[in-house]
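Below: my_file_8.cif (mmCIF, C-alpha atoms and all ligand atoms)
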data_upload
#
loop_
_atom_site.group_PDB
_atom_site.id
_atom_site.type_symbol
_atom_site.label_atom_id
_atom_site.label_comp_id
_atom_site.auth_asym_id
_atom_site.auth_seq_id
_atom_site.Cartn_x
_atom_site.Cartn_y
_atom_site.Cartn_z
ATOM 1 C CA MET A 276 0.000 0.000 0.000
ATOM 2 C CA ASN A 277 2.261 2.719 -1.307
ATOM 3 C CA LEU A 278 -0.814 4.871 -1.540
ATOM 4 C CA ILE A 279 -3.668 4.973 0.967
ATOM 5 C CA LEU A 280 -6.625 4.675 -1.376
ATOM 6 C CA LEU A 281 -9.690 6.515 -0.098
ATOM 7 C CA ALA A 282 -13.275 6.078 -1.194
ATOM 8 C CA PRO A 283 -15.016 9.426 -1.846
ATOM 9 C CA GLU A 284 -17.129 8.778 1.279
ATOM 10 C CA ASP A 285 -13.973 8.545 3.441
ATOM 11 C CA ILE A 286 -13.429 12.291 2.909
ATOM 12 C CA GLU A 287 -15.136 15.107 4.819
ATOM 13 C CA ASN A 288 -15.030 18.722 3.632
ATOM 14 C CA HIS A 289 -12.104 18.012 1.287
ATOM 15 C CA ARG A 290 -9.772 18.332 4.283
ATOM 16 C CA LEU A 291 -10.269 15.353 6.548
ATOM 17 C CA ALA A 292 -10.154 11.654 5.708
ATOM 18 C CA ARG A 293 -11.165 8.748 7.908
ATOM 19 C CA VAL A 294 -10.023 5.180 7.364
ATOM 20 C CA THR A 295 -11.977 2.589 9.350
ATOM 21 C CA ASP A 296 -11.560 -0.799 7.670
ATOM 22 C CA PRO A 297 -9.351 -3.387 9.421
ATOM 23 C CA ARG A 298 -7.155 -4.104 6.367
ATOM 24 C CA ARG A 299 -5.954 -0.547 5.869
ATOM 25 C CA LEU A 300 -5.646 0.080 9.620
ATOM 26 C CA ARG A 301 -3.493 -3.029 10.060
ATOM 27 C CA HIS A 302 -1.340 -2.032 7.106
ATOM 28 C CA LEU A 303 -0.844 1.470 8.507
ATOM 29 C CA ARG A 304 0.281 0.025 11.836
ATOM 30 C CA GLU A 305 2.282 -3.016 10.739
ATOM 31 C CA VAL A 306 3.844 -2.003 7.405
ATOM 32 C CA HIS A 307 4.013 1.790 7.518
ATOM 33 C CA ARG A 308 4.463 1.737 11.312
ATOM 34 C CA ALA A 309 2.694 5.044 11.059
ATOM 35 C CA THR A 310 2.428 7.395 14.020
ATOM 36 C CA PRO A 311 0.586 10.719 14.303
ATOM 37 C CA GLY A 312 2.501 13.471 12.531
ATOM 38 C CA ASP A 313 3.657 11.183 9.670
ATOM 39 C CA ARG A 314 2.966 12.361 6.157
ATOM 40 C CA LEU A 315 1.681 9.703 3.784
ATOM 41 C CA THR A 316 0.608 9.558 0.154
ATOM 42 C CA LEU A 317 -3.151 9.345 -0.299
ATOM 43 C CA GLY A 318 -5.420 9.171 -3.314
ATOM 44 C CA VAL A 319 -9.134 9.108 -3.899
ATOM 45 C CA LEU A 320 -10.652 6.360 -6.002
ATOM 46 C CA GLY A 321 -11.203 7.750 -9.483
ATOM 47 C CA GLY A 322 -9.521 11.042 -8.578
ATOM 48 C CA GLY A 323 -6.301 12.767 -7.577
ATOM 49 C CA ILE A 324 -3.311 12.008 -5.394
ATOM 50 C CA GLY A 325 -1.662 14.069 -2.668
ATOM 51 C CA GLN A 326 -0.193 14.039 0.803
ATOM 52 C CA GLY A 327 -1.881 13.903 4.150
ATOM 53 C CA GLU A 328 -0.782 14.152 7.743
ATOM 54 C CA LEU A 329 -1.849 11.341 10.048
ATOM 55 C CA LEU A 330 -3.663 13.044 12.938
ATOM 56 C CA ALA A 331 -4.673 9.987 14.961
ATOM 57 C CA LEU A 332 -4.565 6.207 14.699
ATOM 58 C CA ASP A 333 -6.203 3.634 16.961
ATOM 59 C CA ASP A 334 -7.821 0.197 16.564
ATOM 60 C CA ARG A 335 -10.959 1.602 15.009
ATOM 61 C CA GLU A 336 -9.935 4.590 12.969
ATOM 62 C CA ALA A 337 -7.184 6.615 11.358
ATOM 63 C CA THR A 338 -7.732 10.268 10.542
ATOM 64 C CA PHE A 339 -5.706 12.345 8.091
ATOM 65 C CA ARG A 340 -5.553 16.035 7.304
ATOM 66 C CA LEU A 341 -5.359 16.302 3.508
ATOM 67 C CA ASP A 342 -3.248 18.866 1.693
ATOM 68 C CA GLY A 343 -5.366 18.654 -1.460
ATOM 69 C CA LEU A 344 -5.483 15.567 -3.647
ATOM 70 C CA ASP A 345 -4.652 17.404 -6.858
ATOM 71 C CA GLN A 346 -1.908 15.359 -8.530
ATOM 72 C CA PRO A 347 -2.939 13.163 -11.464
ATOM 73 C CA PRO A 348 -2.517 9.372 -11.228
ATOM 74 C CA PRO A 349 0.275 7.840 -13.345
ATOM 75 C CA PRO A 350 -0.421 7.363 -17.065
ATOM 76 C CA ALA A 351 -2.316 4.237 -18.115
ATOM 77 C CA LEU A 352 -1.040 1.677 -20.623
ATOM 78 C CA PRO A 353 -2.796 1.807 -24.016
ATOM 79 C CA VAL A 354 -3.822 -1.815 -23.738
ATOM 80 C CA HIS A 355 -6.937 -3.908 -23.361
ATOM 81 C CA LEU A 356 -5.912 -7.236 -21.848
ATOM 82 C CA VAL A 357 -7.875 -10.337 -22.794
ATOM 83 C CA LEU A 358 -6.999 -13.116 -20.420
ATOM 84 C CA ALA A 359 -8.250 -16.682 -20.643
ATOM 85 C CA LEU A 360 -9.729 -17.197 -17.172
ATOM 86 C CA PRO A 361 -6.906 -18.569 -14.987
ATOM 87 C CA ARG A 362 -7.310 -20.705 -11.872
ATOM 88 C CA PRO A 363 -8.574 -18.607 -8.950
ATOM 89 C CA ARG A 364 -5.266 -17.948 -7.184
ATOM 90 C CA MET A 365 -3.545 -17.068 -10.409
ATOM 91 C CA LEU A 366 -6.486 -14.861 -11.351
ATOM 92 C CA ALA A 367 -6.019 -12.877 -8.156
ATOM 93 C CA ARG A 368 -2.328 -12.292 -8.832
ATOM 94 C CA SER A 369 -2.789 -11.622 -12.535
ATOM 95 C CA LEU A 370 -5.431 -8.972 -11.811
ATOM 96 C CA GLU A 371 -3.189 -7.375 -9.223
ATOM 97 C CA HIS A 372 -0.094 -7.318 -11.466
ATOM 98 C CA ALA A 373 -1.960 -6.094 -14.541
ATOM 99 C CA THR A 374 -3.562 -3.307 -12.497
ATOM 100 C CA ALA A 375 -0.245 -2.304 -10.931
ATOM 101 C CA LEU A 376 1.310 -2.118 -14.400
ATOM 102 C CA GLY A 377 -1.410 0.282 -15.616
ATOM 103 C CA VAL A 378 -3.922 -1.860 -17.527
ATOM 104 C CA LYS A 379 -7.368 -0.209 -17.508
ATOM 105 C CA ALA A 380 -9.445 -2.727 -19.448
ATOM 106 C CA ILE A 381 -9.485 -6.457 -18.754
ATOM 107 C CA THR A 382 -11.634 -9.135 -20.362
ATOM 108 C CA LEU A 383 -11.719 -12.597 -18.801
ATOM 109 C CA LEU A 384 -12.445 -15.087 -21.550
ATOM 110 C CA HIS A 385 -13.528 -18.702 -21.715
ATOM 111 C CA THR A 386 -11.414 -20.902 -23.971
ATOM 112 C CA ARG A 387 -11.348 -24.674 -24.457
ATOM 113 C CA ARG A 388 -8.618 -25.257 -21.888
ATOM 114 C CA VAL A 389 -10.214 -23.135 -19.172
ATOM 115 C CA GLU A 390 -11.769 -25.432 -16.559
ATOM 116 C CA LYS A 391 -15.506 -24.792 -16.521
ATOM 117 C CA SER A 392 -15.506 -24.857 -12.712
ATOM 118 C CA TYR A 393 -13.351 -21.699 -12.612
ATOM 119 C CA TRP A 394 -16.417 -19.720 -13.668
ATOM 120 C CA GLN A 395 -18.105 -20.749 -10.397
ATOM 121 C CA SER A 396 -15.237 -19.508 -8.246
ATOM 122 C CA PRO A 397 -16.040 -17.015 -5.468
ATOM 123 C CA GLU A 398 -12.971 -15.089 -6.701
ATOM 124 C CA LEU A 399 -15.118 -13.902 -9.621
ATOM 125 C CA ALA A 400 -17.608 -12.104 -7.376
ATOM 126 C CA ALA A 401 -17.549 -8.379 -8.138
ATOM 127 C CA GLU A 402 -16.463 -7.631 -4.573
ATOM 128 C CA LYS A 403 -13.478 -10.038 -4.780
ATOM 129 C CA ILE A 404 -12.350 -8.710 -8.134
ATOM 130 C CA HIS A 405 -12.593 -5.178 -6.743
ATOM 131 C CA GLN A 406 -10.306 -6.143 -3.831
ATOM 132 C CA HIS A 407 -7.579 -7.409 -6.175
ATOM 133 C CA LEU A 408 -7.812 -4.330 -8.358
ATOM 134 C CA VAL A 409 -7.529 -2.090 -5.299
ATOM 135 C CA LEU A 410 -4.383 -3.921 -4.154
ATOM 136 C CA GLY A 411 -2.846 -3.289 -7.594
ATOM 137 C CA LEU A 412 -3.796 0.395 -7.490
ATOM 138 C CA GLU A 413 -2.403 0.860 -3.974
ATOM 139 C CA GLN A 414 0.828 -0.855 -4.989
ATOM 140 C CA ALA A 415 1.339 1.376 -8.031
ATOM 141 C CA ARG A 416 0.021 4.639 -6.518
ATOM 142 C CA ASP A 417 -2.844 4.775 -8.953
ATOM 143 C CA THR A 418 -6.503 5.688 -8.419
ATOM 144 C CA LEU A 419 -8.299 4.641 -11.619
ATOM 145 C CA LEU A 420 -9.912 1.200 -11.453
ATOM 146 C CA PRO A 421 -9.718 -1.017 -14.528
ATOM 147 C CA THR A 422 -12.983 -2.307 -15.959
ATOM 148 C CA VAL A 423 -13.320 -6.101 -15.887
ATOM 149 C CA THR A 424 -15.647 -7.867 -18.330
ATOM 150 C CA LEU A 425 -16.510 -11.571 -18.319
ATOM 151 C CA GLU A 426 -16.872 -13.363 -21.664
ATOM 152 C CA LYS A 427 -18.072 -16.909 -21.075
ATOM 153 C CA GLY A 428 -18.142 -18.013 -24.710
ATOM 154 C CA PHE A 429 -15.132 -18.019 -27.042
ATOM 155 C CA ARG A 430 -17.068 -18.140 -30.301
ATOM 156 C CA PRO A 431 -19.457 -15.258 -29.486
ATOM 157 C CA PHE A 432 -16.463 -13.259 -28.289
ATOM 158 C CA VAL A 433 -14.553 -13.782 -31.525
ATOM 159 C CA GLU A 434 -17.549 -13.251 -33.771
ATOM 160 C CA GLU A 435 -19.406 -10.462 -31.993
ATOM 161 C CA ARG A 436 -16.996 -8.596 -29.726
ATOM 162 C CA LEU A 437 -13.536 -8.946 -31.229
ATOM 163 C CA PRO A 438 -14.131 -7.002 -34.483
ATOM 164 C CA GLY A 439 -15.167 -3.941 -32.443
ATOM 165 C CA LEU A 440 -12.253 -4.308 -30.025
ATOM 166 C CA LEU A 441 -9.821 -4.480 -32.937
ATOM 167 C CA GLU A 442 -11.087 -1.205 -34.417
ATOM 168 C CA GLY A 443 -8.226 1.181 -33.819
ATOM 169 C CA ARG A 444 -6.233 -1.412 -31.863
ATOM 170 C CA ARG A 445 -3.388 -3.691 -32.800
ATOM 171 C CA GLY A 446 -4.328 -7.248 -31.841
ATOM 172 C CA LEU A 447 -1.459 -9.286 -30.383
ATOM 173 C CA LEU A 448 -1.938 -12.968 -29.623
ATOM 174 C CA ALA A 449 0.699 -14.298 -27.219
ATOM 175 C CA HIS A 450 1.298 -17.918 -28.111
ATOM 176 C CA PRO A 451 4.515 -19.937 -27.860
ATOM 177 C CA GLY A 452 5.912 -20.910 -31.252
ATOM 178 C CA MET A 453 4.479 -18.001 -33.245
ATOM 179 C CA ALA A 454 6.857 -16.633 -35.874
ATOM 180 C CA GLN A 455 7.052 -13.009 -34.686
ATOM 181 C CA ALA A 456 8.903 -12.023 -31.504
ATOM 182 C CA CYS A 457 6.961 -9.819 -29.101
ATOM 183 C CA PRO A 458 7.562 -6.198 -30.175
ATOM 184 C CA ARG A 459 9.291 -3.762 -27.808
ATOM 185 C CA GLY A 460 8.536 -0.240 -26.706
ATOM 186 C CA ILE A 461 5.383 0.323 -28.717
ATOM 187 C CA ASP A 462 2.775 2.961 -27.938
ATOM 188 C CA ASP A 463 -0.016 1.829 -30.250
ATOM 189 C CA PRO A 464 -3.424 1.080 -28.745
ATOM 190 C CA THR A 465 -3.250 -2.684 -28.344
ATOM 191 C CA LEU A 466 -5.470 -5.648 -27.612
ATOM 192 C CA LEU A 467 -3.298 -8.299 -25.965
ATOM 193 C CA LEU A 468 -4.566 -11.878 -25.704
ATOM 194 C CA VAL A 469 -3.047 -14.321 -23.213
ATOM 195 C CA GLY A 470 -4.082 -17.962 -23.060
ATOM 196 C CA PRO A 471 -4.891 -20.335 -20.205
ATOM 197 C CA GLU A 472 -2.404 -22.614 -18.461
ATOM 198 C CA GLY A 473 -2.901 -25.237 -21.172
ATOM 199 C CA GLY A 474 -2.558 -22.617 -23.927
ATOM 200 C CA PHE A 475 -4.931 -21.780 -26.775
ATOM 201 C CA ILE A 476 -5.958 -24.771 -28.931
ATOM 202 C CA PRO A 477 -4.973 -24.626 -32.633
ATOM 203 C CA TRP A 478 -8.561 -23.804 -33.713
ATOM 204 C CA GLU A 479 -8.628 -20.796 -31.351
ATOM 205 C CA VAL A 480 -5.268 -19.586 -32.659
ATOM 206 C CA GLU A 481 -6.576 -19.897 -36.203
ATOM 207 C CA LYS A 482 -9.754 -17.928 -35.387
ATOM 208 C CA LEU A 483 -7.824 -15.146 -33.657
ATOM 209 C CA LEU A 484 -5.314 -14.844 -36.510
ATOM 210 C CA GLU A 485 -8.171 -14.829 -39.040
ATOM 211 C CA ALA A 486 -9.803 -12.002 -37.091
ATOM 212 C CA GLY A 487 -6.665 -9.922 -37.663
ATOM 213 C CA CYS A 488 -4.496 -10.574 -34.590
ATOM 214 C CA GLU A 489 -0.725 -10.978 -34.971
ATOM 215 C CA GLY A 490 0.786 -14.008 -33.271
ATOM 216 C CA ILE A 491 3.759 -13.151 -31.047
ATOM 217 C CA HIS A 492 6.132 -15.195 -28.901
ATOM 218 C CA LEU A 493 8.331 -14.455 -25.916
ATOM 219 C CA GLY A 494 11.052 -16.958 -26.715
ATOM 220 C CA PRO A 495 11.426 -20.636 -25.920
ATOM 221 C CA ARG A 496 10.523 -20.441 -22.229
ATOM 222 C CA ILE A 497 6.911 -21.212 -21.406
ATOM 223 C CA LEU A 498 5.859 -18.832 -18.664
ATOM 224 C CA ARG A 499 3.033 -19.050 -16.158
ATOM 225 C CA VAL A 500 0.086 -16.843 -16.999
ATOM 226 C CA GLU A 501 0.869 -14.202 -14.363
ATOM 227 C CA THR A 502 4.544 -14.108 -15.395
ATOM 228 C CA ALA A 503 3.651 -14.009 -19.096
ATOM 229 C CA VAL A 504 1.268 -11.075 -18.497
ATOM 230 C CA THR A 505 3.949 -9.142 -16.634
ATOM 231 C CA ALA A 506 6.712 -9.954 -19.130
ATOM 232 C CA LEU A 507 4.516 -9.106 -22.137
ATOM 233 C CA LEU A 508 3.365 -5.766 -20.706
ATOM 234 C CA ALA A 509 6.867 -4.785 -19.620
ATOM 235 C CA ARG A 510 8.338 -5.619 -22.995
ATOM 236 C CA LEU A 511 5.529 -4.144 -25.106
ATOM 237 C CA PHE A 512 5.287 -0.794 -23.344
HETATM 238 N N1 LIG B 601 1.091 -25.053 -22.335
HETATM 239 C C1 LIG B 601 0.921 -23.984 -23.262
HETATM 240 C C2 LIG B 601 1.452 -22.677 -22.700
HETATM 241 C C3 LIG B 601 0.581 -22.059 -21.708
HETATM 242 S S1 LIG B 601 1.328 -20.727 -20.907
HETATM 243 C C4 LIG B 601 1.698 -24.261 -24.550
HETATM 244 O O1 LIG B 601 2.685 -24.940 -24.493
HETATM 245 O O2 LIG B 601 1.305 -23.691 -25.577
HETATM 246 C C5 LIG B 601 -0.049 -19.670 -20.684
HETATM 247 C C6 LIG B 601 -0.140 -18.508 -21.645
HETATM 248 O O3 LIG B 601 0.934 -17.594 -21.400
HETATM 249 C C7 LIG B 601 -0.008 -18.876 -23.117
HETATM 250 O O4 LIG B 601 -1.250 -19.264 -23.682
HETATM 251 C C8 LIG B 601 0.512 -17.569 -23.722
HETATM 252 O O5 LIG B 601 -0.536 -16.669 -23.967
HETATM 253 C C9 LIG B 601 1.393 -17.033 -22.615
HETATM 254 N N2 LIG B 601 2.795 -17.466 -22.783
HETATM 255 C C10 LIG B 601 3.549 -18.149 -21.902
HETATM 256 N N3 LIG B 601 4.798 -18.328 -22.370
HETATM 257 C C11 LIG B 601 4.827 -17.735 -23.589
HETATM 258 C C12 LIG B 601 5.849 -17.593 -24.599
HETATM 259 N N4 LIG B 601 7.056 -18.069 -24.431
HETATM 260 N N5 LIG B 601 5.509 -16.926 -25.727
HETATM 261 C C13 LIG B 601 4.275 -16.418 -25.906
HETATM 262 N N6 LIG B 601 3.285 -16.533 -25.004
HETATM 263 C C14 LIG B 601 3.560 -17.186 -23.853
#
Please, can you express the file's structure as structure tokens?
Amino acid sequence: MNLILLAPEDIENHRLARVTDPRRLRHLREVHRATPGDRLTLGVLGGGIGQGELLALDDREATFRLDGLDQPPPPALPVHLVLALPRPRMLARSLEHATALGVKAITLLHTRRVEKSYWQSPELAAEKIHQHLVLGLEQARDTLLPTVTLEKGFRPFVEERLPGLLEGRRGLLAHPGMAQACPRGIDDPTLLLVGPEGGFIPWEVEKLLEAGCEGIHLGPRILRVETAVTALLARLF
């Protein structure tokens, strides 16, 4: 939590912020080892960033005096990430990493090698997803939540949604063994597709290439989904 992320309702009169949830209070005590008088970085969800002085901290509440949350959050990456739904624990970490790296649009997609049971996971509840996104924002000192969309059918996604998503975006399909190496340092609006632990099946690769995506590889090492997401984003942007 390199940034104390406030909800708009945590702020009174633009000057005073109250934090009352156990997670943030514990973090303030145990990680920041914060004491009254400390100045910390705060941001408001969907808004600006600034500094605040901790006025008081006890088991129930921390209060801050804000100096104005008028700095913009860091720039976003120009990417829409399409991720085949990973297993729940990997989903949590992938969402957190992608958010920390600046992704603002995430689609979770069903593909043949996604276990159907993953769609029943409690980790997909809106509240759980929100928690992982918030952890990513706090880590990266950001305030703008990504949008997360669930696409439970591969074929409808490719036929109905993908053409629109590829308008004005460069589609990049990460798949081991593709001919083209992952590009570096681009700033084009991009749609990046990452497969499940078992990879995309050949038919899916064919459909995505037919739709206009470019196949890219990251070299001979097969990476876990969360590592692949991080490596791809770091190398692309
Ligand atoms: N078992 C699968 C790989 C799955 S890795 C296979 O051998 O094809 C999970 C996902 O991470 C892949 O679908 C791909 O999108 C991405 N990925 C992992 N390593 C990669 C690499 N070396 N090049 C491109 N994409 C990779």
Discussion item. I want to know what sits within 9 Å of Glu336 in chain A, based on only C-alpha atoms, with residues of the same chain fewer than 6 positions away left out; could you give that as a PyMOL selection string?
Written reply: chain A and resi 293-297+300
Using all atoms listed in the file, what does the table of chain A residues within 12 Å of ligand LIG 601 (chain B) look like, with each row giving the shortest atom pair and its distance in Å to one decimal, sorted by chain and ascending number, as a Markdown table?
| residue | atom | partner | partner_atom | distance |
| --- | --- | --- | --- | --- |
| A:Leu356 | CA | B:LIG601 | O5 | 11.1 |
| A:Val357 | CA | B:LIG601 | O5 | 9.8 |
| A:Leu358 | CA | B:LIG601 | O5 | 8.2 |
| A:Ala359 | CA | B:LIG601 | O4 | 8.1 |
| A:Leu360 | CA | B:LIG601 | C5 | 10.6 |
| A:Pro361 | CA | B:LIG601 | C5 | 9.0 |
| A:Arg362 | CA | B:LIG601 | C5 | 11.5 |
| A:Met365 | CA | B:LIG601 | C5 | 11.2 |
| A:Ser369 | CA | B:LIG601 | O3 | 11.3 |
| A:Thr386 | CA | B:LIG601 | O4 | 10.3 |
| A:Arg387 | CA | B:LIG601 | O4 | 11.5 |
| A:Arg388 | CA | B:LIG601 | O4 | 9.7 |
| A:Val389 | CA | B:LIG601 | O4 | 10.8 |
| A:Leu447 | CA | B:LIG601 | O5 | 9.8 |
| A:Leu448 | CA | B:LIG601 | O5 | 6.9 |
| A:Ala449 | CA | B:LIG601 | N6 | 4.1 |
| A:His450 | CA | B:LIG601 | N6 | 3.9 |
| A:Pro451 | CA | B:LIG601 | N5 | 3.8 |
| A:Gly452 | CA | B:LIG601 | N5 | 6.8 |
| A:Met453 | CA | B:LIG601 | C13 | 7.5 |
| A:Ala454 | CA | B:LIG601 | N5 | 10.2 |
| A:Gln455 | CA | B:LIG601 | C13 | 9.8 |
| A:Ala456 | CA | B:LIG601 | N5 | 8.3 |
| A:Cys457 | CA | B:LIG601 | C13 | 7.8 |
| A:Pro458 | CA | B:LIG601 | C13 | 11.6 |
| A:Leu467 | CA | B:LIG601 | O5 | 9.0 |
| A:Leu468 | CA | B:LIG601 | O5 | 6.5 |
| A:Val469 | CA | B:LIG601 | O5 | 3.5 |
| A:Gly470 | CA | B:LIG601 | O4 | 3.2 |
| A:Pro471 | CA | B:LIG601 | C5 | 4.9 |
| A:Glu472 | CA | B:LIG601 | C5 | 4.4 |
| A:Gly473 | CA | B:LIG601 | N1 | 4.2 |
| A:Gly474 | CA | B:LIG601 | O4 | 3.6 |
| A:Phe475 | CA | B:LIG601 | O4 | 5.4 |
| A:Ile476 | CA | B:LIG601 | O2 | 8.1 |
| A:Pro477 | CA | B:LIG601 | O2 | 9.5 |
| A:Glu479 | CA | B:LIG601 | O4 | 10.8 |
| A:Val480 | CA | B:LIG601 | O4 | 9.8 |
| A:Glu489 | CA | B:LIG601 | C13 | 11.7 |
| A:Gly490 | CA | B:LIG601 | C13 | 8.5 |
| A:Ile491 | CA | B:LIG601 | C13 | 6.1 |
| A:His492 | CA | B:LIG601 | N5 | 3.7 |
| A:Leu493 | CA | B:LIG601 | N5 | 3.8 |
| A:Gly494 | CA | B:LIG601 | N4 | 4.7 |
| A:Pro495 | CA | B:LIG601 | N4 | 5.3 |
| A:Arg496 | CA | B:LIG601 | N4 | 4.7 |
| A:Ile497 | CA | B:LIG601 | N3 | 3.7 |
| A:Leu498 | CA | B:LIG601 | N3 | 3.9 |
| A:Arg499 | CA | B:LIG601 | S1 | 5.3 |
| A:Val500 | CA | B:LIG601 | O3 | 4.5 |
| A:Glu501 | CA | B:LIG601 | O3 | 7.8 |
| A:Thr502 | CA | B:LIG601 | C10 | 7.7 |
| A:Ala503 | CA | B:LIG601 | C10 | 5.0 |
| A:Val504 | CA | B:LIG601 | O3 | 7.1 |
| A:Thr505 | CA | B:LIG601 | O3 | 10.2 |
| A:Ala506 | CA | B:LIG601 | C11 | 9.2 |
| A:Leu507 | CA | B:LIG601 | N6 | 8.1 |
| A:Leu508 | CA | B:LIG601 | N6 | 11.6 |
| A:Arg510 | CA | B:LIG601 | C13 | 11.9 |
Writing out the chosen residues with C-alpha atoms as a PDB file, keeping the file's coordinate frame:
ATOM      1  CA  LEU A 356      -5.912  -7.236 -21.848  1.00  0.00           C
ATOM      2  CA  VAL A 357      -7.875 -10.337 -22.794  1.00  0.00           C
ATOM      3  CA  LEU A 358      -6.999 -13.116 -20.420  1.00  0.00           C
ATOM      4  CA  ALA A 359      -8.250 -16.682 -20.643  1.00  0.00           C
ATOM      5  CA  LEU A 360      -9.729 -17.197 -17.172  1.00  0.00           C
ATOM      6  CA  PRO A 361      -6.906 -18.569 -14.987  1.00  0.00           C
ATOM      7  CA  ARG A 362      -7.310 -20.705 -11.872  1.00  0.00           C
ATOM      8  CA  MET A 365      -3.545 -17.068 -10.409  1.00  0.00           C
ATOM      9  CA  SER A 369      -2.789 -11.622 -12.535  1.00  0.00           C
ATOM     10  CA  THR A 386     -11.414 -20.902 -23.971  1.00  0.00           C
ATOM     11  CA  ARG A 387     -11.348 -24.674 -24.457  1.00  0.00           C
ATOM     12  CA  ARG A 388      -8.618 -25.257 -21.888  1.00  0.00           C
ATOM     13  CA  VAL A 389     -10.214 -23.135 -19.172  1.00  0.00           C
ATOM     14  CA  LEU A 447      -1.459  -9.286 -30.383  1.00  0.00           C
ATOM     15  CA  LEU A 448      -1.938 -12.968 -29.623  1.00  0.00           C
ATOM     16  CA  ALA A 449       0.699 -14.298 -27.219  1.00  0.00           C
ATOM     17  CA  HIS A 450       1.298 -17.918 -28.111  1.00  0.00           C
ATOM     18  CA  PRO A 451       4.515 -19.937 -27.860  1.00  0.00           C
ATOM     19  CA  GLY A 452       5.912 -20.910 -31.252  1.00  0.00           C
ATOM     20  CA  MET A 453       4.479 -18.001 -33.245  1.00  0.00           C
ATOM     21  CA  ALA A 454       6.857 -16.633 -35.874  1.00  0.00           C
ATOM     22  CA  GLN A 455       7.052 -13.009 -34.686  1.00  0.00           C
ATOM     23  CA  ALA A 456       8.903 -12.023 -31.504  1.00  0.00           C
ATOM     24  CA  CYS A 457       6.961  -9.819 -29.101  1.00  0.00           C
ATOM     25  CA  PRO A 458       7.562  -6.198 -30.175  1.00  0.00           C
ATOM     26  CA  LEU A 467      -3.298  -8.299 -25.965  1.00  0.00           C
ATOM     27  CA  LEU A 468      -4.566 -11.878 -25.704  1.00  0.00           C
ATOM     28  CA  VAL A 469      -3.047 -14.321 -23.213  1.00  0.00           C
ATOM     29  CA  GLY A 470      -4.082 -17.962 -23.060  1.00  0.00           C
ATOM     30  CA  PRO A 471      -4.891 -20.335 -20.205  1.00  0.00           C
ATOM     31  CA  GLU A 472      -2.404 -22.614 -18.461  1.00  0.00           C
ATOM     32  CA  GLY A 473      -2.901 -25.237 -21.172  1.00  0.00           C
ATOM     33  CA  GLY A 474      -2.558 -22.617 -23.927  1.00  0.00           C
ATOM     34  CA  PHE A 475      -4.931 -21.780 -26.775  1.00  0.00           C
ATOM     35  CA  ILE A 476      -5.958 -24.771 -28.931  1.00  0.00           C
ATOM     36  CA  PRO A 477      -4.973 -24.626 -32.633  1.00  0.00           C
ATOM     37  CA  GLU A 479      -8.628 -20.796 -31.351  1.00  0.00           C
ATOM     38  CA  VAL A 480      -5.268 -19.586 -32.659  1.00  0.00           C
ATOM     39  CA  GLU A 489      -0.725 -10.978 -34.971  1.00  0.00           C
ATOM     40  CA  GLY A 490       0.786 -14.008 -33.271  1.00  0.00           C
ATOM     41  CA  ILE A 491       3.759 -13.151 -31.047  1.00  0.00           C
ATOM     42  CA  HIS A 492       6.132 -15.195 -28.901  1.00  0.00           C
ATOM     43  CA  LEU A 493       8.331 -14.455 -25.916  1.00  0.00           C
ATOM     44  CA  GLY A 494      11.052 -16.958 -26.715  1.00  0.00           C
ATOM     45  CA  PRO A 495      11.426 -20.636 -25.920  1.00  0.00           C
ATOM     46  CA  ARG A 496      10.523 -20.441 -22.229  1.00  0.00           C
ATOM     47  CA  ILE A 497       6.911 -21.212 -21.406  1.00  0.00           C
ATOM     48  CA  LEU A 498       5.859 -18.832 -18.664  1.00  0.00           C
ATOM     49  CA  ARG A 499       3.033 -19.050 -16.158  1.00  0.00           C
ATOM     50  CA  VAL A 500       0.086 -16.843 -16.999  1.00  0.00           C
ATOM     51  CA  GLU A 501       0.869 -14.202 -14.363  1.00  0.00           C
ATOM     52  CA  THR A 502       4.544 -14.108 -15.395  1.00  0.00           C
ATOM     53  CA  ALA A 503       3.651 -14.009 -19.096  1.00  0.00           C
ATOM     54  CA  VAL A 504       1.268 -11.075 -18.497  1.00  0.00           C
ATOM     55  CA  THR A 505       3.949  -9.142 -16.634  1.00  0.00           C
ATOM     56  CA  ALA A 506       6.712  -9.954 -19.130  1.00  0.00           C
ATOM     57  CA  LEU A 507       4.516  -9.106 -22.137  1.00  0.00           C
ATOM     58  CA  LEU A 508       3.365  -5.766 -20.706  1.00  0.00           C
ATOM     59  CA  ARG A 510       8.338  -5.619 -22.995  1.00  0.00           C
TER      60      ARG A 510
END
Worksheet item: Mind telling me what the PyMOL selection byres (((chain A and resi 338) around 10) and not hetatm) catches here, as a ChimeraX atom specification?
Response: /A:285-286,291-295,311,327-333,336-337,339-341
Worksheet item: Could you state the separation of CA of Pro349 in chain A and CA of Arg416 in chain A in Å, given to one decimal place?
Response: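 That distance, rounded to one decimal, is 7.5 Å.
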Practice prompt. Please measure the separation of CA of Phe429 in chain A and CA of Leu384 in chain A, giving the value in Å to one decimal.
Written response: 6.8 Å
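Separating CA of Glu305 in chain A from CA of Glu413 in chain A is a distance of 15.9 Å.
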Discussion item. Counting all atoms listed in the file, which residue out of A:Gly325, A:Gly446, A:Pro421, A:Gly428 sits closest to Gly377 in chain A?
Written reply: A:Pro421
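If all atoms listed in the file are the atoms counted, then among A:Leu376, A:Ala486, A:Val409, A:Ala401 the closest residue to Arg430 in chain A is A:Ala486.
Closest approach to Ser396 in chain A among A:Leu408, A:Ile381, A:Leu303, A:Ala367 is made by A:Ala367 (distances from only C-alpha atoms).
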Worksheet entry | Nearest-residue call for Leu410 in chain A, choices A:Ala373, A:Gln326, A:His385, A:Gly439, using all atoms listed in the file |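 Counting all atoms listed in the file, the residue closest to Leu410 in chain A is A:Ala373.
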Enclose range 414-423 of chain A, meaning all of its atoms listed in the file, in a box aligned along x, y and z, pad it by 3 Å on each side, and list the centre and edge lengths in Å to one decimal, as JSON.
{"center_x": -6.0, "center_y": -0.2, "center_z": -10.5, "size_x": 20.7, "size_y": 17.8, "size_z": 17.0}
